[in-house]
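Pasting model.txt here (compact mmCIF, C-alpha atoms):
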# COMPACT_ATOMS: atom_id res chain seq x y z
CA MET A 1 0.00 0.00 0.00
CA GLY A 2 3.05 2.27 -0.06
CA PHE A 3 3.39 2.44 3.71
CA GLY A 4 6.74 1.79 5.39
CA LEU A 5 7.38 0.15 8.74
CA ASP A 6 7.16 3.59 10.34
CA GLY A 7 3.48 3.72 9.34
CA ARG A 8 3.98 6.58 6.88
CA LEU A 9 3.06 6.64 3.19
CA ASP A 10 6.41 6.96 1.41
CA LEU A 11 6.26 6.14 -2.29
CA ASP A 12 9.72 7.65 -2.82
CA ALA A 13 11.14 4.94 -0.53
CA VAL A 14 9.29 2.22 -2.45
CA ALA A 15 10.50 3.66 -5.75
CA ARG A 16 14.10 3.65 -4.56
CA VAL A 17 13.83 -0.07 -3.82
CA LEU A 18 12.27 -0.87 -7.21
CA ARG A 19 14.29 1.46 -9.42
CA GLY A 20 16.37 -0.37 -12.02
CA ALA A 21 14.06 -3.38 -12.31
CA ASP A 22 12.76 -4.36 -15.75
CA VAL A 23 9.61 -6.07 -14.44
CA VAL A 24 7.86 -5.51 -11.09
CA LEU A 25 5.07 -7.57 -9.53
CA LEU A 26 3.13 -5.79 -6.78
CA SER A 27 0.65 -7.13 -4.24
CA GLU A 28 -1.80 -5.12 -2.09
CA VAL A 29 -2.00 -2.29 -4.60
CA ASP A 30 -4.21 0.52 -3.28
CA ARG A 31 -5.76 2.82 -5.90
CA GLY A 32 -7.99 4.97 -3.75
CA TRP A 33 -9.10 3.42 -0.45
CA TRP A 34 -10.15 6.32 1.77
CA LEU A 35 -8.88 4.31 4.74
CA ASN A 36 -5.36 4.89 3.39
CA GLY A 37 -5.87 8.49 2.27
CA GLY A 38 -7.50 7.99 -1.14
CA HIS A 39 -4.21 7.88 -3.07
CA ASP A 40 -3.79 6.07 -6.39
CA THR A 41 -0.49 4.63 -5.24
CA LEU A 42 -0.02 2.61 -8.43
CA ALA A 43 -0.23 5.63 -10.74
CA LEU A 44 2.00 7.67 -8.44
CA LEU A 45 4.58 4.89 -8.18
CA ALA A 46 4.52 4.17 -11.91
CA GLY A 47 5.13 7.86 -12.56
CA ARG A 48 8.16 7.87 -10.30
CA LEU A 49 9.57 4.80 -12.02
CA GLY A 50 8.57 5.76 -15.56
CA MET A 51 7.03 2.31 -16.07
CA PRO A 52 3.68 1.41 -17.68
CA TYR A 53 1.48 -0.98 -15.71
CA VAL A 54 -1.41 -3.43 -15.87
CA PHE A 55 -3.72 -3.59 -12.84
CA ALA A 56 -6.16 -6.31 -11.79
CA PRO A 57 -8.75 -5.80 -9.03
CA ALA A 58 -9.09 -8.33 -6.24
CA ALA A 59 -11.11 -7.16 -3.22
CA ASP A 60 -12.76 -4.31 -5.16
CA PRO A 61 -12.04 -2.07 -8.18
CA VAL A 62 -9.35 -0.06 -6.35
CA TRP A 63 -7.51 -2.87 -4.55
CA GLY A 64 -5.55 -5.68 -6.17
CA ASP A 65 -2.29 -6.63 -7.90
CA ALA A 66 -0.22 -5.11 -10.68
CA VAL A 67 2.60 -5.74 -13.12
CA LEU A 68 4.90 -2.91 -14.22
CA SER A 69 7.29 -3.45 -17.11
CA ARG A 70 9.85 -1.67 -19.24
CA PHE A 71 9.01 -4.17 -22.00
CA PRO A 72 5.81 -3.72 -24.03
CA MET A 73 2.87 -5.55 -22.42
CA ARG A 74 -0.28 -6.97 -23.96
CA SER A 75 -3.00 -9.59 -23.59
CA GLY A 76 -3.78 -8.94 -19.95
CA GLN A 77 -6.14 -11.52 -18.46
CA THR A 78 -7.38 -11.83 -14.90
CA ARG A 79 -8.93 -14.75 -13.07
CA ARG A 80 -10.86 -14.10 -9.86
CA LEU A 81 -10.05 -16.76 -7.26
CA THR A 82 -12.58 -18.49 -5.06
CA ALA A 83 -12.47 -16.95 -1.57
CA HIS A 84 -12.71 -20.27 0.33
CA GLY A 85 -13.63 -18.30 3.42
CA ALA A 86 -10.75 -15.81 3.16
CA PRO A 87 -11.64 -12.30 4.36
CA THR A 88 -10.54 -10.45 1.20
CA GLY A 89 -10.72 -11.18 -2.51
CA ALA A 90 -7.89 -12.60 -4.60
CA GLN A 91 -7.07 -12.91 -8.28
CA ALA A 92 -4.42 -14.02 -10.77
CA LEU A 93 -3.24 -11.54 -13.41
CA GLY A 94 -1.60 -12.74 -16.62
CA VAL A 95 0.26 -10.40 -18.97
CA THR A 96 2.44 -11.05 -21.99
CA LEU A 97 5.74 -9.25 -22.39
CA ASP A 98 7.27 -8.60 -25.80
CA LEU A 99 11.00 -9.14 -25.37
CA GLY A 100 11.84 -8.08 -28.91
CA GLY A 101 10.65 -11.03 -30.94
CA ARG A 102 10.12 -13.38 -28.01
CA GLU A 103 7.19 -13.54 -25.62
CA LEU A 104 7.22 -14.13 -21.88
CA ALA A 105 4.07 -14.87 -19.91
CA VAL A 106 3.98 -13.31 -16.44
CA VAL A 107 1.41 -14.11 -13.74
CA ALA A 108 1.06 -12.01 -10.59
CA THR A 109 -1.07 -13.08 -7.64
CA HIS A 110 -1.61 -12.70 -3.90
CA LEU A 111 -3.05 -15.77 -2.20
CA GLN A 112 -5.39 -15.21 0.74
CA PRO A 113 -5.42 -18.11 3.22
CA PRO A 114 -8.77 -19.14 4.69
CA PRO A 115 -8.84 -18.69 8.47
CA GLY A 116 -6.37 -21.10 10.03
CA ARG A 117 -5.64 -22.91 6.76
CA ASP A 118 -3.10 -23.06 3.96
CA PRO A 119 -4.32 -21.45 0.69
CA VAL A 120 -4.05 -24.75 -1.18
CA GLU A 121 -7.29 -24.34 -3.16
CA GLN A 122 -6.34 -20.92 -4.46
CA ALA A 123 -2.84 -22.17 -5.30
CA GLY A 124 -4.34 -24.90 -7.46
CA GLU A 125 -6.54 -22.36 -9.25
CA VAL A 126 -3.56 -20.07 -9.94
CA ALA A 127 -1.35 -22.91 -11.16
CA ALA A 128 -4.05 -24.07 -13.57
CA PHE A 129 -4.70 -20.52 -14.81
CA ALA A 130 -0.98 -19.90 -15.34
CA GLY A 131 -0.59 -23.06 -17.39
CA ARG A 132 -3.50 -22.15 -19.64
CA TYR A 133 -2.37 -18.56 -20.01
CA ALA A 134 1.24 -19.43 -20.84
CA ASN A 135 0.10 -22.03 -23.38
CA GLY A 136 3.61 -23.36 -23.90
CA ARG A 137 5.38 -20.02 -23.68
CA PRO A 138 8.07 -19.32 -21.05
CA LEU A 139 6.40 -18.35 -17.78
CA VAL A 140 7.26 -16.43 -14.63
CA LEU A 141 4.77 -16.54 -11.74
CA GLY A 142 5.22 -14.65 -8.50
CA GLY A 143 3.70 -12.85 -5.57
CA ASP A 144 2.84 -13.00 -1.91
CA LEU A 145 1.65 -16.61 -1.73
CA ASN A 146 1.20 -16.79 2.05
CA THR A 147 2.63 -20.29 2.06
CA GLU A 148 6.04 -21.75 2.92
CA PRO A 149 8.05 -24.25 0.85
CA ASP A 150 6.95 -27.28 2.89
CA ASP A 151 3.24 -26.42 2.79
CA PRO A 152 0.60 -28.06 0.57
CA ALA A 153 -0.14 -24.86 -1.35
CA PHE A 154 3.50 -24.56 -2.42
CA ALA A 155 3.34 -28.11 -3.76
CA GLU A 156 0.48 -27.15 -6.08
CA PHE A 157 2.92 -25.11 -8.16
CA THR A 158 5.66 -27.71 -8.33
CA ARG A 159 3.05 -30.39 -9.09
CA ALA A 160 2.03 -28.27 -12.08
CA GLY A 161 5.59 -28.53 -13.41
CA LEU A 162 6.87 -25.14 -12.29
CA VAL A 163 10.33 -24.65 -10.83
CA ASP A 164 11.07 -22.81 -7.57
CA ALA A 165 13.24 -19.94 -8.83
CA LEU A 166 14.32 -18.98 -5.31
CA ALA A 167 15.54 -22.44 -4.31
CA PRO A 168 19.25 -21.61 -4.76
CA ALA A 169 18.95 -18.89 -2.10
CA ARG A 170 16.71 -20.75 0.34
CA PRO A 171 15.96 -19.95 3.08
CA LEU A 172 15.07 -16.52 1.72
CA ARG A 173 12.92 -15.18 4.53
CA THR A 174 10.81 -12.17 3.59
CA SER A 175 8.27 -11.54 6.35
CA PRO A 176 8.00 -9.55 8.51
CA ALA A 177 10.44 -7.05 7.03
CA ASP A 178 11.91 -5.93 10.35
CA ASP A 179 12.51 -9.51 11.57
CA PRO A 180 12.18 -11.94 8.63
CA ARG A 181 11.15 -15.39 9.87
CA THR A 182 9.03 -16.85 7.07
CA GLN A 183 9.44 -17.34 3.32
CA ILE A 184 5.99 -16.64 1.94
CA ASP A 185 6.89 -14.55 -1.14
CA HIS A 186 7.83 -16.74 -4.09
CA VAL A 187 8.73 -16.82 -7.77
CA PHE A 188 8.22 -19.86 -10.00
CA VAL A 189 9.41 -20.31 -13.59
CA SER A 190 8.70 -22.80 -16.32
CA PRO A 191 11.33 -25.46 -17.02
CA GLY A 192 14.18 -24.16 -19.16
CA LEU A 193 14.31 -20.75 -17.50
CA THR A 194 17.13 -20.15 -15.04
CA ALA A 195 17.28 -17.70 -12.16
CA ASN A 196 20.31 -16.15 -10.53
CA GLU A 197 21.27 -13.13 -8.45
CA VAL A 198 18.43 -14.06 -6.08
CA ARG A 199 18.20 -11.70 -3.11
CA ALA A 200 15.81 -10.29 -0.54
CA PRO A 201 17.24 -6.79 0.07
CA ARG A 202 16.72 -5.38 3.53
CA THR A 203 14.42 -2.36 3.54
CA GLU A 204 11.79 -0.73 5.73
CA ALA A 205 9.76 0.56 2.77
CA SER A 206 7.14 -2.20 3.16
CA ASP A 207 6.00 -4.89 5.60
CA HIS A 208 7.62 -7.61 3.43
CA LEU A 209 11.10 -7.67 1.97
CA PRO A 210 11.20 -7.53 -1.82
CA VAL A 211 12.51 -10.49 -3.81
CA THR A 212 14.84 -9.69 -6.71
CA LEU A 213 16.26 -12.02 -9.30
CA THR A 214 17.50 -12.19 -12.88
CA VAL A 215 15.71 -14.64 -15.18
CA THR A 216 17.44 -16.00 -18.27
CA LEU A 217 15.48 -17.52 -21.14
CA PRO A 218 16.98 -20.42 -23.07
Would you kindly transcribe this structure into C-alpha cells?
Amino acid sequence: MGFGLDGRLDLDAVARVLRGADVVLLSEVDRGWWLNGGHDTLALLAGRLGMPYVFAPAADPVWGDAVLSRFPMRSGQTRRLTAHGAPTGAQALGVTLDLGGRELAVVATHLQPPPGRDPVEQAGEVAAFAGRYANGRPLVLGGDLNTEPDDPAFAEFTRAGLVDALAPARPLRTSPADDPRTQIDHVFVSPGLTANEVRAPRTEASDHLPVTLTVTLP
C-alpha cells in the first residue's frame, strides 16, 4: 500500500527499492481506499519509475495486484479466485511481455489463506490458470503466496511442473520485514528458464522484503 514500517506513506522509498528493475510484480496495490488516504499509489509509483502498468482488481475495483514493465505488455487476463472463506478477494493476473521477438508470460497473484488454513485451493486455481495462459510459452509466476516451501499450497505449483526460482537462495525469509522469519513470497518459472542473483534486500519501505532475481530464457 506504499506504507513503510514507520506507518507513513512513502512512495519515494518504495520507488528507490524498485528502481532499475525491468519487471515488477506488486501485491496489495491501493488505488484509492479512503482508509489509506485515497491515493492512487499505483499511478503515483509508476510515474516515479517511468514504467507502464497493468492492474487487476481483487477485493474491489481499487484494490488488487499489478505488473509494471519496461518491456511492451499486452493480452492482460485476470482470473478471480474463489475466496474459500478468506476475508478479502484474490485474483491471478496474466500479462504477456514482448522481449523483442520473443514472448514471456507473467502471472502475478496474492493468495489469501482461509482462516487457520493453507491457501491450497487458491494455489491450485492459480497454477491451472498460469498453465492455460502461458500455453507453452516461457512463464514467470510470483507474488505474496502466504505459504512456505513445505506447505501443501507450495506443492500445487511444483506439481504443475513449475520450478522454484528462489531455491538456490533458500531460506530466503521475507516476512515480517523488520525480523524476517518466514518465506511466503515466491517466484516460479517454467522449465528451461534459469534464475540467478536471487536476493531479498533489507528495507523498511514495506511490511515484506522484496525479492529480486535475474531470469534467463533459453
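The coordinates place atom CA of A:Glu28 at 9.6 Å from atom CA of A:Ala59.
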(request) Report the distance between atom CA of A:Ala43 and atom CA of A:Val24 in Å, rounded to one decimal place. (result) 13.8 Å
(request) Could you tell me which of A:Thr147, A:Tyr53, A:Ser190, A:Pro176 comes closest to A:Gly161 if we count all atoms listed in the file? (result) A:Ser190
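With only C-alpha atoms as the basis for measurement, A:Ser75 is the residue among A:Thr182, A:Thr194, A:Ser75, A:Ser27 that approaches A:Gly94 most closely.
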(request) To one decimal in Å, tell me the separation between atom CA of A:Pro191 and atom CA of A:Asp65. (result) 25.0 Å
(message) Counting all atoms listed in the file, I want the residues whose atoms come within 6 Å of (12.9, -19.0, -7.3) in the file frame, returned as a PyMOL selection string.
(response) chain A and resi 164-167+187-188
For the selection just defined, write its residues with C-alpha atoms to a file, as a short mmCIF file (atom, residue, chain, number, x, y, z; two decimals), in the frame of the given file.
data_model
loop_
_atom_site.label_atom_id
_atom_site.label_comp_id
_atom_site.auth_asym_id
_atom_site.auth_seq_id
_atom_site.Cartn_x
_atom_site.Cartn_y
_atom_site.Cartn_z
CA ASP A 164 11.07 -22.81 -7.57
CA ALA A 165 13.24 -19.94 -8.83
CA LEU A 166 14.32 -18.98 -5.31
CA ALA A 167 15.54 -22.44 -4.31
CA VAL A 187 8.73 -16.82 -7.77
CA PHE A 188 8.22 -19.86 -10.00
#
(request) Tell me, as a ChimeraX atom specification, which residues lie within 8 Å of A:Glu103, counting all atoms listed in the file; anything in the same chain fewer than 6 positions away does not count. (result) /A:96-97,137-138
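Minimum distance to A:His186 across A:Leu162, A:Leu145, A:Ala134, A:Met1 (counting all atoms listed in the file) occurs at A:Leu145.
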Around (-2.1, -3.6, -11.8), as given in the file, which residues come within 6 Å? Count all atoms listed in the file and list them as a tab-separated table (two decimals) with C-alpha atoms, keeping the file's coordinate frame.
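point13.tsv, written as the output of this step:
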chain	number	residue	atom	x	y	z
A	53	TYR	CA	1.48	-0.98	-15.71
A	54	VAL	CA	-1.41	-3.43	-15.87
A	55	PHE	CA	-3.72	-3.59	-12.84
A	56	ALA	CA	-6.16	-6.31	-11.79
A	65	ASP	CA	-2.29	-6.63	-7.90
A	66	ALA	CA	-0.22	-5.11	-10.68
A	67	VAL	CA	2.60	-5.74	-13.12
